[in-house]
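**Student:** Next comes my_file29.pdb, PDB, C-alpha atoms:
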ATOM      1  CA  MET I 277     -44.071  37.248 -22.138
ATOM      2  CA  ARG I 278     -43.786  40.218 -19.773
ATOM      3  CA  VAL I 279     -40.626  42.343 -19.617
ATOM      4  CA  LEU I 280     -39.856  45.184 -17.233
ATOM      5  CA  ALA I 281     -37.747  47.834 -18.987
ATOM      6  CA  LEU I 282     -35.856  50.067 -16.551
ATOM      7  CA  THR I 283     -34.918  52.883 -18.871
ATOM      8  CA  PHE I 284     -32.308  55.628 -18.928
ATOM      9  CA  GLY I 285     -35.028  58.301 -19.210
ATOM     10  CA  GLY I 286     -38.652  58.755 -20.136
ATOM     11  CA  PRO I 287     -40.041  57.737 -23.564
ATOM     12  CA  GLU I 288     -39.277  61.230 -24.896
ATOM     13  CA  THR I 289     -35.559  60.836 -24.134
ATOM     14  CA  ALA I 290     -33.806  60.085 -27.429
ATOM     15  CA  SER I 291     -31.740  57.191 -26.098
ATOM     16  CA  THR I 292     -34.759  55.540 -24.458
ATOM     17  CA  HIS I 293     -36.978  56.107 -27.474
ATOM     18  CA  TYR I 294     -34.591  54.592 -29.996
ATOM     19  CA  ARG I 295     -33.271  51.743 -27.829
ATOM     20  CA  VAL I 296     -36.488  50.681 -26.060
ATOM     21  CA  ALA I 297     -39.754  52.595 -26.458
ATOM     22  CA  GLN I 298     -40.069  52.426 -30.235
ATOM     23  CA  PHE I 299     -39.849  48.632 -30.053
ATOM     24  CA  ALA I 300     -42.777  48.226 -27.653
ATOM     25  CA  PRO I 301     -45.631  48.189 -30.223
ATOM     26  CA  VAL I 302     -43.743  45.859 -32.579
ATOM     27  CA  LEU I 303     -42.753  43.454 -29.794
ATOM     28  CA  ALA I 304     -46.370  43.298 -28.612
ATOM     29  CA  ALA I 305     -47.952  42.865 -32.049
ATOM     30  CA  ALA I 306     -45.418  40.582 -33.730
ATOM     31  CA  HIS I 307     -43.751  38.704 -30.868
ATOM     32  CA  GLY I 308     -46.195  38.577 -27.963
ATOM     33  CA  ILE I 309     -43.855  40.496 -25.646
ATOM     34  CA  GLU I 310     -45.312  43.173 -23.376
ATOM     35  CA  LEU I 311     -42.910  45.884 -22.249
ATOM     36  CA  THR I 312     -43.541  47.848 -19.055
ATOM     37  CA  LEU I 313     -41.361  50.975 -19.122
ATOM     38  CA  LEU I 314     -40.160  52.787 -16.032
ATOM     39  CA  PRO I 315     -37.215  55.194 -15.685
ATOM     40  CA  ALA I 316     -34.539  53.357 -13.708
ATOM     41  CA  ARG I 317     -34.025  56.342 -11.413
ATOM     42  CA  GLU I 318     -37.624  55.872 -10.166
ATOM     43  CA  TRP I 319     -37.323  52.155  -9.437
ATOM     44  CA  LYS I 320     -36.957  51.382  -5.742
ATOM     45  CA  GLY I 321     -38.148  47.756  -5.883
ATOM     46  CA  ASP I 322     -41.682  48.257  -7.206
ATOM     47  CA  PRO I 323     -42.792  46.798  -9.529
ATOM     48  CA  ASP I 324     -41.327  43.551  -8.272
ATOM     49  CA  PRO I 325     -39.049  41.976 -10.909
ATOM     50  CA  ARG I 326     -40.334  38.559  -9.851
ATOM     51  CA  GLY I 327     -43.588  39.377 -11.640
ATOM     52  CA  PHE I 328     -41.811  39.562 -15.021
ATOM     53  CA  ASP I 329     -40.131  37.029 -17.261
ATOM     54  CA  ALA I 330     -37.120  39.305 -17.748
ATOM     55  CA  VAL I 331     -35.804  42.769 -16.960
ATOM     56  CA  LEU I 332     -34.152  45.011 -19.541
ATOM     57  CA  LEU I 333     -31.911  47.576 -17.834
ATOM     58  CA  GLN I 334     -31.041  50.388 -20.206
ATOM     59  CA  LYS I 335     -27.627  52.005 -19.721
ATOM     60  CA  THR I 336     -28.221  53.121 -16.114
ATOM     61  CA  LEU I 337     -25.620  52.059 -13.544
ATOM     62  CA  LEU I 338     -27.554  51.257 -10.381
ATOM     63  CA  SER I 339     -26.018  51.696  -6.957
ATOM     64  CA  GLY I 340     -24.861  48.555  -5.185
ATOM     65  CA  GLY I 341     -28.008  48.089  -3.084
ATOM     66  CA  ARG I 342     -30.483  48.588  -5.900
ATOM     67  CA  ARG I 343     -28.400  46.472  -8.260
ATOM     68  CA  ALA I 344     -28.286  43.624  -5.729
ATOM     69  CA  ARG I 345     -32.071  43.861  -5.207
ATOM     70  CA  LEU I 346     -32.687  43.721  -8.953
ATOM     71  CA  PHE I 347     -30.304  40.886  -9.756
ATOM     72  CA  SER I 348     -31.417  38.749  -6.802
ATOM     73  CA  ARG I 349     -35.116  39.023  -7.671
ATOM     74  CA  ALA I 350     -35.206  39.064 -11.477
ATOM     75  CA  ARG I 351     -35.391  35.809 -13.388
ATOM     76  CA  ARG I 352     -33.110  37.223 -16.066
ATOM     77  CA  VAL I 353     -31.500  40.629 -16.549
ATOM     78  CA  LEU I 354     -30.417  42.058 -19.877
ATOM     79  CA  TYR I 355     -28.285  45.190 -19.983
ATOM     80  CA  ASP I 356     -28.402  47.563 -22.979
ATOM     81  CA  VAL I 357     -25.713  50.143 -23.785
ATOM     82  CA  ASP I 358     -25.642  52.741 -26.566
ATOM     83  CA  ASP I 359     -22.847  54.972 -25.227
ATOM     84  CA  ALA I 360     -19.285  54.513 -23.990
ATOM     85  CA  ILE I 361     -20.483  55.249 -20.470
ATOM     86  CA  TRP I 362     -17.079  54.356 -19.020
ATOM     87  CA  GLU I 363     -15.577  57.409 -20.775
ATOM     88  CA  PRO I 364     -15.925  61.002 -19.485
ATOM     89  CA  HIS I 365     -18.589  63.043 -21.253
ATOM     90  CA  GLY I 366     -18.516  66.829 -21.068
ATOM     91  CA  ARG I 367     -15.977  67.096 -18.248
ATOM     92  CA  PRO I 368     -13.196  64.843 -16.896
ATOM     93  CA  HIS I 369     -14.028  62.199 -14.321
ATOM     94  CA  GLY I 370     -12.483  62.562 -10.897
ATOM     95  CA  LEU I 371     -10.770  59.552  -9.370
ATOM     96  CA  LEU I 372     -13.812  58.602  -7.290
ATOM     97  CA  THR I 373     -16.237  58.970 -10.204
ATOM     98  CA  ARG I 374     -13.981  56.934 -12.474
ATOM     99  CA  TRP I 375     -13.628  54.168  -9.902
ATOM    100  CA  ARG I 376     -17.351  54.093  -9.106
ATOM    101  CA  THR I 377     -18.415  54.093 -12.764
ATOM    102  CA  ARG I 378     -16.074  51.290 -13.727
ATOM    103  CA  ALA I 379     -16.910  49.205 -10.652
ATOM    104  CA  ARG I 380     -20.658  49.504 -11.257
ATOM    105  CA  LEU I 381     -20.268  48.764 -14.950
ATOM    106  CA  ARG I 382     -18.126  45.692 -14.306
ATOM    107  CA  ALA I 383     -20.622  44.342 -11.758
ATOM    108  CA  THR I 384     -23.591  44.995 -14.051
ATOM    109  CA  VAL I 385     -22.008  43.395 -17.103
ATOM    110  CA  ARG I 386     -20.884  40.363 -15.130
ATOM    111  CA  GLY I 387     -24.324  39.903 -13.569
ATOM    112  CA  ALA I 388     -26.453  40.247 -16.697
ATOM    113  CA  GLY I 389     -27.363  37.189 -18.714
ATOM    114  CA  ARG I 390     -27.096  39.130 -21.966
ATOM    115  CA  VAL I 391     -25.476  42.494 -22.705
ATOM    116  CA  LEU I 392     -26.592  44.373 -25.813
ATOM    117  CA  ALA I 393     -24.380  46.997 -27.434
ATOM    118  CA  ALA I 394     -25.373  49.421 -30.188
ATOM    119  CA  ASN I 395     -22.176  48.787 -32.169
ATOM    120  CA  ALA I 396     -19.025  46.681 -32.273
ATOM    121  CA  HIS I 397     -16.883  49.432 -30.729
ATOM    122  CA  LEU I 398     -19.040  49.406 -27.599
ATOM    123  CA  ALA I 399     -19.185  45.619 -27.603
ATOM    124  CA  ALA I 400     -15.384  45.473 -27.526
ATOM    125  CA  GLY I 401     -15.287  47.863 -24.577
ATOM    126  CA  LEU I 402     -17.832  45.758 -22.706
ATOM    127  CA  ARG I 403     -16.039  42.477 -23.443
ATOM    128  CA  ALA I 404     -12.990  43.939 -21.728
ATOM    129  CA  ARG I 405     -15.020  43.818 -18.504
ATOM    130  CA  LEU I 406     -15.519  40.049 -18.758
ATOM    131  CA  PRO I 407     -13.191  37.040 -18.614
ATOM    132  CA  PRO I 408     -12.757  35.357 -22.026
ATOM    133  CA  ARG I 409     -15.091  32.453 -21.251
ATOM    134  CA  GLU I 410     -17.989  34.881 -20.595
ATOM    135  CA  GLN I 411     -17.528  37.269 -23.514
ATOM    136  CA  GLY I 412     -20.085  35.417 -25.616
ATOM    137  CA  ARG I 413     -22.814  37.111 -23.573
ATOM    138  CA  ILE I 414     -22.090  40.388 -25.377
ATOM    139  CA  ALA I 415     -24.165  40.899 -28.545
ATOM    140  CA  VAL I 416     -24.562  43.780 -30.982
ATOM    141  CA  LEU I 417     -28.074  45.140 -31.519
ATOM    142  CA  PRO I 418     -27.742  48.033 -34.004
ATOM    143  CA  MET I 419     -29.730  51.238 -33.865
ATOM    144  CA  ALA I 420     -32.988  51.135 -35.825
ATOM    145  CA  LEU I 421     -35.646  53.318 -37.433
ATOM    146  CA  ASP I 422     -39.097  52.691 -38.856
ATOM    147  CA  PRO I 423     -38.752  52.591 -42.682
ATOM    148  CA  SER I 424     -42.421  53.500 -43.115
ATOM    149  CA  VAL I 425     -41.700  56.823 -41.385
ATOM    150  CA  TRP I 426     -38.201  57.372 -42.732
ATOM    151  CA  THR I 427     -38.812  56.940 -46.459
ATOM    152  CA  PRO I 428     -36.441  57.759 -49.350
ATOM    153  CA  ARG I 429     -36.404  61.265 -50.731
ATOM    154  CA  ALA I 430     -37.737  61.991 -54.214
ATOM    155  CA  ALA I 431     -35.247  62.501 -57.018
ATOM    156  CA  ALA I 432     -34.270  66.153 -57.409
ATOM    157  CA  GLN I 433     -34.540  68.050 -60.681
ATOM    158  CA  ASP I 434     -31.200  68.532 -62.420
ATOM    159  CA  ASP I 435     -31.496  72.335 -62.392
ATOM    160  CA  ALA I 436     -32.772  72.632 -58.805
ATOM    161  CA  PRO I 437     -30.688  74.052 -55.940
ATOM    162  CA  VAL I 438     -28.546  71.490 -54.116
ATOM    163  CA  PHE I 439     -29.201  71.593 -50.383
ATOM    164  CA  LEU I 440     -26.436  70.638 -47.991
ATOM    165  CA  GLY I 441     -28.391  69.752 -44.880
ATOM    166  CA  TRP I 442     -27.637  69.414 -41.195
ATOM    167  CA  ALA I 443     -30.141  68.259 -38.575
ATOM    168  CA  GLY I 444     -29.359  68.115 -34.889
ATOM    169  CA  ALA I 445     -29.815  69.369 -31.362
ATOM    170  CA  PRO I 446     -28.649  72.864 -30.359
ATOM    171  CA  GLY I 447     -25.859  71.390 -28.250
ATOM    172  CA  ASN I 448     -24.256  69.929 -31.374
ATOM    173  CA  LEU I 449     -24.217  73.158 -33.386
ATOM    174  CA  PRO I 450     -20.531  73.888 -32.577
ATOM    175  CA  TYR I 451     -19.485  70.929 -34.741
ATOM    176  CA  LEU I 452     -21.353  72.400 -37.712
ATOM    177  CA  GLU I 453     -20.134  75.926 -36.963
ATOM    178  CA  ALA I 454     -16.536  74.679 -37.043
ATOM    179  CA  LEU I 455     -17.053  73.822 -40.731
ATOM    180  CA  GLU I 456     -17.977  77.395 -41.685
ATOM    181  CA  PRO I 457     -14.736  78.153 -43.613
ATOM    182  CA  VAL I 458     -15.079  74.933 -45.636
ATOM    183  CA  LEU I 459     -18.771  75.480 -46.343
ATOM    184  CA  ALA I 460     -18.270  79.137 -47.265
ATOM    185  CA  ARG I 461     -15.688  78.234 -49.919
ATOM    186  CA  LEU I 462     -17.920  75.518 -51.361
ATOM    187  CA  LEU I 463     -20.977  77.731 -51.556
ATOM    188  CA  ARG I 464     -18.887  80.319 -53.417
ATOM    189  CA  ASP I 465     -17.590  77.668 -55.836
ATOM    190  CA  PHE I 466     -21.032  76.127 -56.463
ATOM    191  CA  PRO I 467     -23.655  78.867 -56.966
ATOM    192  CA  ARG I 468     -26.536  76.348 -56.897
ATOM    193  CA  ALA I 469     -25.488  75.003 -53.494
ATOM    194  CA  ARG I 470     -27.419  76.055 -50.398
ATOM    195  CA  LEU I 471     -27.092  75.269 -46.693
ATOM    196  CA  ARG I 472     -30.202  74.253 -44.726
ATOM    197  CA  VAL I 473     -30.164  73.740 -40.945
ATOM    198  CA  LEU I 474     -32.891  71.898 -39.020
ATOM    199  CA  CYS I 475     -32.473  72.714 -35.349
ATOM    200  CA  GLY I 476     -34.162  74.201 -32.325
ATOM    201  CA  ALA I 477     -31.627  77.066 -32.406
ATOM    202  CA  ARG I 478     -29.919  79.054 -35.138
ATOM    203  CA  PRO I 479     -26.229  78.445 -35.791
ATOM    204  CA  ARG I 480     -23.966  81.378 -35.032
ATOM    205  CA  PHE I 481     -22.095  81.638 -38.310
ATOM    206  CA  ARG I 482     -20.002  84.739 -38.799
ATOM    207  CA  GLU I 483     -20.847  85.295 -42.482
ATOM    208  CA  LEU I 484     -22.257  82.103 -43.984
ATOM    209  CA  GLU I 485     -25.750  82.369 -45.476
ATOM    210  CA  PHE I 486     -28.153  79.559 -44.661
ATOM    211  CA  GLU I 487     -31.809  78.565 -44.344
ATOM    212  CA  HIS I 488     -32.995  77.753 -40.844
ATOM    213  CA  GLU I 489     -35.896  75.365 -40.193
ATOM    214  CA  PRO I 490     -36.933  75.322 -36.533
ATOM    215  CA  TRP I 491     -37.296  71.809 -35.170
ATOM    216  CA  SER I 492     -40.827  70.659 -34.376
ATOM    217  CA  PRO I 493     -42.147  67.244 -33.266
ATOM    218  CA  GLY I 494     -42.967  64.936 -36.150
ATOM    219  CA  ALA I 495     -41.605  67.248 -38.844
ATOM    220  CA  GLU I 496     -38.091  65.807 -38.942
ATOM    221  CA  PRO I 497     -38.516  63.045 -41.598
ATOM    222  CA  ALA I 498     -40.012  65.401 -44.180
ATOM    223  CA  ALA I 499     -37.428  68.083 -43.406
ATOM    224  CA  VAL I 500     -34.507  65.677 -43.850
ATOM    225  CA  ARG I 501     -35.981  64.473 -47.147
ATOM    226  CA  GLY I 502     -35.632  68.095 -48.263
ATOM    227  CA  PHE I 503     -31.841  67.774 -48.108
ATOM    228  CA  ASP I 504     -29.761  66.652 -51.074
ATOM    229  CA  LEU I 505     -26.607  65.891 -49.097
ATOM    230  CA  GLY I 506     -26.281  65.142 -45.384
ATOM    231  CA  LEU I 507     -23.637  66.719 -43.150
ATOM    232  CA  LEU I 508     -22.524  64.771 -40.075
ATOM    233  CA  PRO I 509     -19.664  66.577 -38.327
ATOM    234  CA  LEU I 510     -18.763  64.926 -35.017
ATOM    235  CA  PRO I 511     -16.473  65.778 -32.087
ATOM    236  CA  ARG I 512     -13.035  64.559 -33.133
ATOM    237  CA  GLU I 513     -10.555  62.955 -30.750
ATOM    238  CA  ASP I 514     -13.356  62.252 -28.277
ATOM    239  CA  ALA I 515     -13.432  58.769 -26.741
ATOM    240  CA  PHE I 516     -17.049  59.119 -25.627
ATOM    241  CA  ALA I 517     -18.248  60.295 -29.051
ATOM    242  CA  ALA I 518     -16.372  57.452 -30.770
ATOM    243  CA  GLY I 519     -18.786  54.997 -29.158
ATOM    244  CA  LYS I 520     -21.949  56.676 -30.415
ATOM    245  CA  SER I 521     -24.004  55.350 -33.306
ATOM    246  CA  PRO I 522     -25.328  58.740 -34.433
ATOM    247  CA  ILE I 523     -29.069  58.548 -35.031
ATOM    248  CA  LYS I 524     -28.649  61.316 -37.609
ATOM    249  CA  ALA I 525     -26.523  58.917 -39.624
ATOM    250  CA  LEU I 526     -29.448  56.490 -39.769
ATOM    251  CA  GLN I 527     -31.919  59.249 -40.586
ATOM    252  CA  TYR I 528     -29.791  60.373 -43.513
ATOM    253  CA  MET I 529     -29.330  56.769 -44.648
ATOM    254  CA  ALA I 530     -33.021  55.922 -44.430
ATOM    255  CA  SER I 531     -33.840  59.054 -46.428
ATOM    256  CA  GLY I 532     -31.453  57.957 -49.176
ATOM    257  CA  LEU I 533     -29.081  60.868 -48.631
ATOM    258  CA  PRO I 534     -25.432  60.784 -49.574
ATOM    259  CA  THR I 535     -23.531  61.873 -46.491
ATOM    260  CA  VAL I 536     -20.164  63.232 -45.478
ATOM    261  CA  ALA I 537     -19.295  62.319 -41.889
ATOM    262  CA  ASP I 538     -16.374  62.513 -39.518
ATOM    263  CA  ALA I 539     -14.720  59.118 -39.280
ATOM    264  CA  LEU I 540     -15.420  58.135 -35.673
ATOM    265  CA  ALA I 541     -15.731  54.462 -34.821
ATOM    266  CA  GLY I 542     -19.517  54.291 -34.477
ATOM    267  CA  ALA I 543     -20.131  56.270 -37.671
ATOM    268  CA  GLU I 544     -17.573  54.209 -39.580
ATOM    269  CA  GLU I 545     -19.443  51.052 -38.582
ATOM    270  CA  ILE I 546     -22.827  52.405 -39.670
ATOM    271  CA  PHE I 547     -21.448  53.385 -43.066
ATOM    272  CA  ALA I 548     -19.217  50.326 -43.490
ATOM    273  CA  THR I 549     -21.249  49.030 -46.450
ATOM    274  CA  GLY I 550     -21.706  52.399 -48.130
ATOM    275  CA  GLY I 551     -23.723  55.564 -48.098
ATOM    276  CA  ALA I 552     -21.120  58.092 -46.946
ATOM    277  CA  LEU I 553     -17.702  59.538 -47.540
ATOM    278  CA  LEU I 554     -15.737  59.662 -44.293
ATOM    279  CA  ALA I 555     -13.583  62.636 -43.382
ATOM    280  CA  ARG I 556     -10.500  62.693 -41.145
ATOM    281  CA  GLY I 557     -10.046  66.448 -41.188
ATOM    282  CA  ASP I 558     -11.141  69.658 -42.878
ATOM    283  CA  ALA I 559      -9.240  68.824 -46.071
ATOM    284  CA  ASP I 560     -11.282  65.634 -46.455
ATOM    285  CA  TRP I 561     -14.485  67.518 -45.778
ATOM    286  CA  GLU I 562     -13.704  69.990 -48.543
ATOM    287  CA  SER I 563     -12.609  67.395 -51.103
ATOM    288  CA  HIS I 564     -15.537  65.030 -50.401
ATOM    289  CA  LEU I 565     -18.149  67.770 -50.566
ATOM    290  CA  HIS I 566     -16.554  69.226 -53.680
ATOM    291  CA  ALA I 567     -16.704  65.835 -55.409
ATOM    292  CA  LEU I 568     -20.348  65.275 -54.506
ATOM    293  CA  LEU I 569     -21.465  68.778 -55.450
ATOM    294  CA  ALA I 570     -19.708  68.406 -58.800
ATOM    295  CA  SER I 571     -21.357  65.070 -59.624
ATOM    296  CA  PRO I 572     -25.131  64.446 -59.428
ATOM    297  CA  ALA I 573     -24.473  60.857 -60.506
ATOM    298  CA  GLU I 574     -22.137  60.319 -57.554
ATOM    299  CA  ARG I 575     -24.704  61.777 -55.173
ATOM    300  CA  HIS I 576     -27.436  59.527 -56.527
ATOM    301  CA  ALA I 577     -25.261  56.404 -56.348
ATOM    302  CA  LEU I 578     -24.198  57.124 -52.772
ATOM    303  CA  GLY I 579     -27.790  57.852 -51.783
ATOM    304  CA  ARG I 580     -29.007  54.533 -53.186
ATOM    305  CA  ALA I 581     -26.225  52.741 -51.319
ATOM    306  CA  ALA I 582     -27.253  54.513 -48.123
ATOM    307  CA  ARG I 583     -30.869  53.340 -48.311
ATOM    308  CA  ALA I 584     -29.769  49.793 -49.170
ATOM    309  CA  ALA I 585     -27.418  49.726 -46.163
ATOM    310  CA  PHE I 586     -30.216  50.969 -43.932
ATOM    311  CA  GLU I 587     -32.657  48.323 -45.139
ATOM    312  CA  ALA I 588     -30.081  45.570 -44.666
ATOM    313  CA  ARG I 589     -29.278  46.275 -41.013
ATOM    314  CA  HIS I 590     -31.267  49.027 -39.343
ATOM    315  CA  THR I 591     -35.011  48.540 -39.859
ATOM    316  CA  LEU I 592     -37.316  48.500 -36.852
ATOM    317  CA  ALA I 593     -38.941  45.152 -37.670
ATOM    318  CA  SER I 594     -35.707  43.216 -38.153
ATOM    319  CA  ASN I 595     -34.131  44.639 -35.020
ATOM    320  CA  ALA I 596     -37.315  44.017 -33.028
ATOM    321  CA  ALA I 597     -37.112  40.376 -34.053
ATOM    322  CA  ALA I 598     -33.498  40.217 -32.863
ATOM    323  CA  LEU I 599     -34.416  41.942 -29.590
ATOM    324  CA  ALA I 600     -37.258  39.443 -29.060
ATOM    325  CA  CYS I 601     -34.752  36.582 -29.358
ATOM    326  CA  HIS I 602     -32.494  38.201 -26.792
ATOM    327  CA  LEU I 603     -35.386  38.840 -24.400
ATOM    328  CA  ARG I 604     -36.423  35.188 -24.620
ATOM    329  CA  GLY I 605     -32.860  34.079 -23.935
ATOM    330  CA  GLU I 606     -32.484  32.205 -27.211
ATOM    331  CA  GLY I 607     -28.894  31.130 -27.706
ATOM    332  CA  GLU I 608     -27.876  32.479 -24.303
ATOM    333  CA  VAL I 609     -24.611  31.067 -22.949
TER     334      VAL I 609
END
Show how you would write the structure in this file as structure tokens.
**Tutor:**
Amino acid sequence: MRVLALTFGGPETASTHYRVAQFAPVLAAAHGIELTLLPAREWKGDPDPRGFDAVLLQKTLLSGGRRARLFSRARRVLYDVDDAIWEPHGRPHGLLTRWRTRARLRATVRGAGRVLAANAHLAAGLRARLPPREQGRIAVLPMALDPSVWTPRAAAQDDAPVFLGWAGAPGNLPYLEALEPVLARLLRDFPRARLRVLCGARPRFRELEFEHEPWSPGAEPAAVRGFDLGLLPLPREDAFAAGKSPIKALQYMASGLPTVADALAGAEEIFATGGALLARGDADWESHLHALLASPAERHALGRAARAAFEARHTLASNAAALACHLRGEGEV
């Protein structure tokens, strides 16, 4: 089977890597499906969709002409979404942008044979674009990681320092920096506690001491396994962020880390079966972290639950098998 994947970005783009590119070797080896990847912005009609068994369009909202060309020529189109793309991100949408985004999204969702969403929150938003009789075409395909790369951390010695760890992109540092007062109090109360930050930039704390590990390709799994407790602060009261399934949540889970996370919809869904304590404000952050720092047994139990939850729903092989079924149109309505 041959599938043309029109992706949101190149293979190095996080969204494209985790939603499409990482599946290509597994789909080819285990399911006989060959993916041809091309950024959607570069597609002008070539390659011809008629030469493929299906087209997977990742997140991009094509203009009317290109969308019509794709849907009229492709045998089947699947649409994949891992963000609440109908919500403003970074700055408010003007009236024209809002109208254009929603019109393109509605047309794309209605034209695709199958629509894949990274979580139930996104799936609900997409179903709202369809009449009830067509809502069965929306399916949830969770985010996934390779468990042979993201392996559980080794048990820490009882007398070793306890590392609170944060890993993320420089653009997300403000969410960690906002926790400085909470973290400063905890590090004073627990002398063995340390803060470690894995990032391409240093956080701009006013007084908080921390260890900085510069991000480098391929080093992330080992670095995260050096944490004892994962920190996942997220932008609160943000409709766009609520739809994200944070990949850091999965990385912490796969590494067997207990985690404290802000309780946004996507994160709540990932941790629904365990692995994290969810915070709804700074008071929760302080009480949850205090409880975990005070109890090695609680940390270990939550970490085991995190790895078990990851293995049950987020492994690369199991999600590749589900994606293969969708690409073949099995069970399509």
**Student:** What do you get, as a ChimeraX atom specification, if you spell out every residue that the PyMOL selection byres ((chain I and resi 564) around 12) selects here?
**Tutor:** /I:458-459,462,505-507,534-538,552-563,565-571,574-575,578
**Student:** Running the PyMOL selection byres ((chain I and resi 474-490) around 6) on this model by hand, what would come out? Give it as number ranges by chain.
**Tutor:** I: 443-446, 460, 471-473, 491
**Student:** Quick one: apply the PyMOL selection byres ((chain I and resi 392-407) around 9) to the file and drop the selected residues here as an MDAnalysis selection string.
**Tutor:** chainID I and resid 295 354:360 362 378 381:383 385:386 390:391 408:419 518:521 541:542 545:546 602
**Student:** Based on the selection just made, write C-alpha atoms of those residues as a short mmCIF file (atom, residue, chain, number, x, y, z; two decimals), in the coordinates of the input.
**Tutor:**
data_model
loop_
_atom_site.label_atom_id
_atom_site.label_comp_id
_atom_site.auth_asym_id
_atom_site.auth_seq_id
_atom_site.Cartn_x
_atom_site.Cartn_y
_atom_site.Cartn_z
CA ARG I 295 -33.27 51.74 -27.83
CA LEU I 354 -30.42 42.06 -19.88
CA TYR I 355 -28.28 45.19 -19.98
CA ASP I 356 -28.40 47.56 -22.98
CA VAL I 357 -25.71 50.14 -23.78
CA ASP I 358 -25.64 52.74 -26.57
CA ASP I 359 -22.85 54.97 -25.23
CA ALA I 360 -19.28 54.51 -23.99
CA TRP I 362 -17.08 54.36 -19.02
CA ARG I 378 -16.07 51.29 -13.73
CA LEU I 381 -20.27 48.76 -14.95
CA ARG I 382 -18.13 45.69 -14.31
CA ALA I 383 -20.62 44.34 -11.76
CA VAL I 385 -22.01 43.40 -17.10
CA ARG I 386 -20.88 40.36 -15.13
CA ARG I 390 -27.10 39.13 -21.97
CA VAL I 391 -25.48 42.49 -22.70
CA PRO I 408 -12.76 35.36 -22.03
CA ARG I 409 -15.09 32.45 -21.25
CA GLU I 410 -17.99 34.88 -20.60
CA GLN I 411 -17.53 37.27 -23.51
CA GLY I 412 -20.08 35.42 -25.62
CA ARG I 413 -22.81 37.11 -23.57
CA ILE I 414 -22.09 40.39 -25.38
CA ALA I 415 -24.16 40.90 -28.54
CA VAL I 416 -24.56 43.78 -30.98
CA LEU I 417 -28.07 45.14 -31.52
CA PRO I 418 -27.74 48.03 -34.00
CA MET I 419 -29.73 51.24 -33.86
CA ALA I 518 -16.37 57.45 -30.77
CA GLY I 519 -18.79 55.00 -29.16
CA LYS I 520 -21.95 56.68 -30.42
CA SER I 521 -24.00 55.35 -33.31
CA ALA I 541 -15.73 54.46 -34.82
CA GLY I 542 -19.52 54.29 -34.48
CA GLU I 545 -19.44 51.05 -38.58
CA ILE I 546 -22.83 52.40 -39.67
CA HIS I 602 -32.49 38.20 -26.79
#
**Student:** Between I:Ala596, I:Leu533, I:Leu540, I:Leu463, which residue has the minimum interatomic distance to I:Arg512, considering all atoms listed in the file?
**Tutor:**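 Closest candidate: I:Leu540.
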**Student:** Quick one: distance from atom CA of I:Ala344 to atom CA of I:Phe328 in Å, one decimal?
**Tutor:**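 Taking atom CA of I:Ala344 as the start and atom CA of I:Phe328 as the end point, the length is 16.9 Å.
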**Student:** Would you list the contacts of I:Leu421 as a ChimeraX atom specification, taking every protein, DNA or RNA residue within 8 Å and counting only C-alpha atoms, but skipping same-chain residues closer than 6 positions in sequence?
**Tutor:** /I:294,526-527,530,590-592
**Student:** Save out the residues we just selected, C-alpha atoms, as a tab-separated table (two decimals), in the frame of the given file.
**Tutor:**
chain	number	residue	atom	x	y	z
I	294	TYR	CA	-34.59	54.59	-30.00
I	526	LEU	CA	-29.45	56.49	-39.77
I	527	GLN	CA	-31.92	59.25	-40.59
I	530	ALA	CA	-33.02	55.92	-44.43
I	590	HIS	CA	-31.27	49.03	-39.34
I	591	THR	CA	-35.01	48.54	-39.86
I	592	LEU	CA	-37.32	48.50	-36.85
**Student:** Do you know which residues are at most 10 Å from I:Thr292 counting all atoms listed in the file, after dropping those on the same chain fewer than 4 positions away, and could you put them as a list in words?
**Tutor:** Ala281, Leu282, Thr283, Phe284, Gly285, Gly286, Pro287, Glu288, Val296, Ala297, Gln298, Leu313, Pro315, Gln334, Lys335 and Asp358 of chain I
**Student:** Go ahead and save the residues from that selection, with C-alpha atoms, as a short mmCIF file (atom, residue, chain, number, x, y, z; two decimals), in the coordinates of the input.
**Tutor:**
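The new file part_30.cif reads:
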data_model
loop_
_atom_site.label_atom_id
_atom_site.label_comp_id
_atom_site.auth_asym_id
_atom_site.auth_seq_id
_atom_site.Cartn_x
_atom_site.Cartn_y
_atom_site.Cartn_z
CA ALA I 281 -37.75 47.83 -18.99
CA LEU I 282 -35.86 50.07 -16.55
CA THR I 283 -34.92 52.88 -18.87
CA PHE I 284 -32.31 55.63 -18.93
CA GLY I 285 -35.03 58.30 -19.21
CA GLY I 286 -38.65 58.76 -20.14
CA PRO I 287 -40.04 57.74 -23.56
CA GLU I 288 -39.28 61.23 -24.90
CA VAL I 296 -36.49 50.68 -26.06
CA ALA I 297 -39.75 52.60 -26.46
CA GLN I 298 -40.07 52.43 -30.24
CA LEU I 313 -41.36 50.98 -19.12
CA PRO I 315 -37.22 55.19 -15.68
CA GLN I 334 -31.04 50.39 -20.21
CA LYS I 335 -27.63 52.00 -19.72
CA ASP I 358 -25.64 52.74 -26.57
#
**Student:** Rank I:Ala582, I:Ala515, I:Leu311, I:Leu599 by their smallest atom-to-atom distance to I:Tyr528, using only C-alpha atoms, and report the top residue only.
**Tutor:**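 So, comparing all the options, the nearest one is I:Ala582.
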**Student:** Here is a test: counting all atoms listed in the file, which residue of I:Val331, I:Ala598, I:Arg376, I:Phe347 is nearest to I:His307?
**Tutor:**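 The closest residue to I:His307 is I:Ala598.
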**Student:** Find, counting all atoms listed in the file, the residue in I:Gly308, I:Ala585, I:Thr384, I:Cys601 that gets nearest to I:Leu338.
**Tutor:**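 The answer is I:Thr384, which sits nearest to I:Leu338.
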**Student:** Compile the contact shell of I:Val279 as a PyMOL selection string: residues with an atom at most 8 Å away, counting all atoms listed in the file, same-chain residues fewer than 4 positions apart removed.
**Tutor:** chain I and resi 309-312+328-332+603
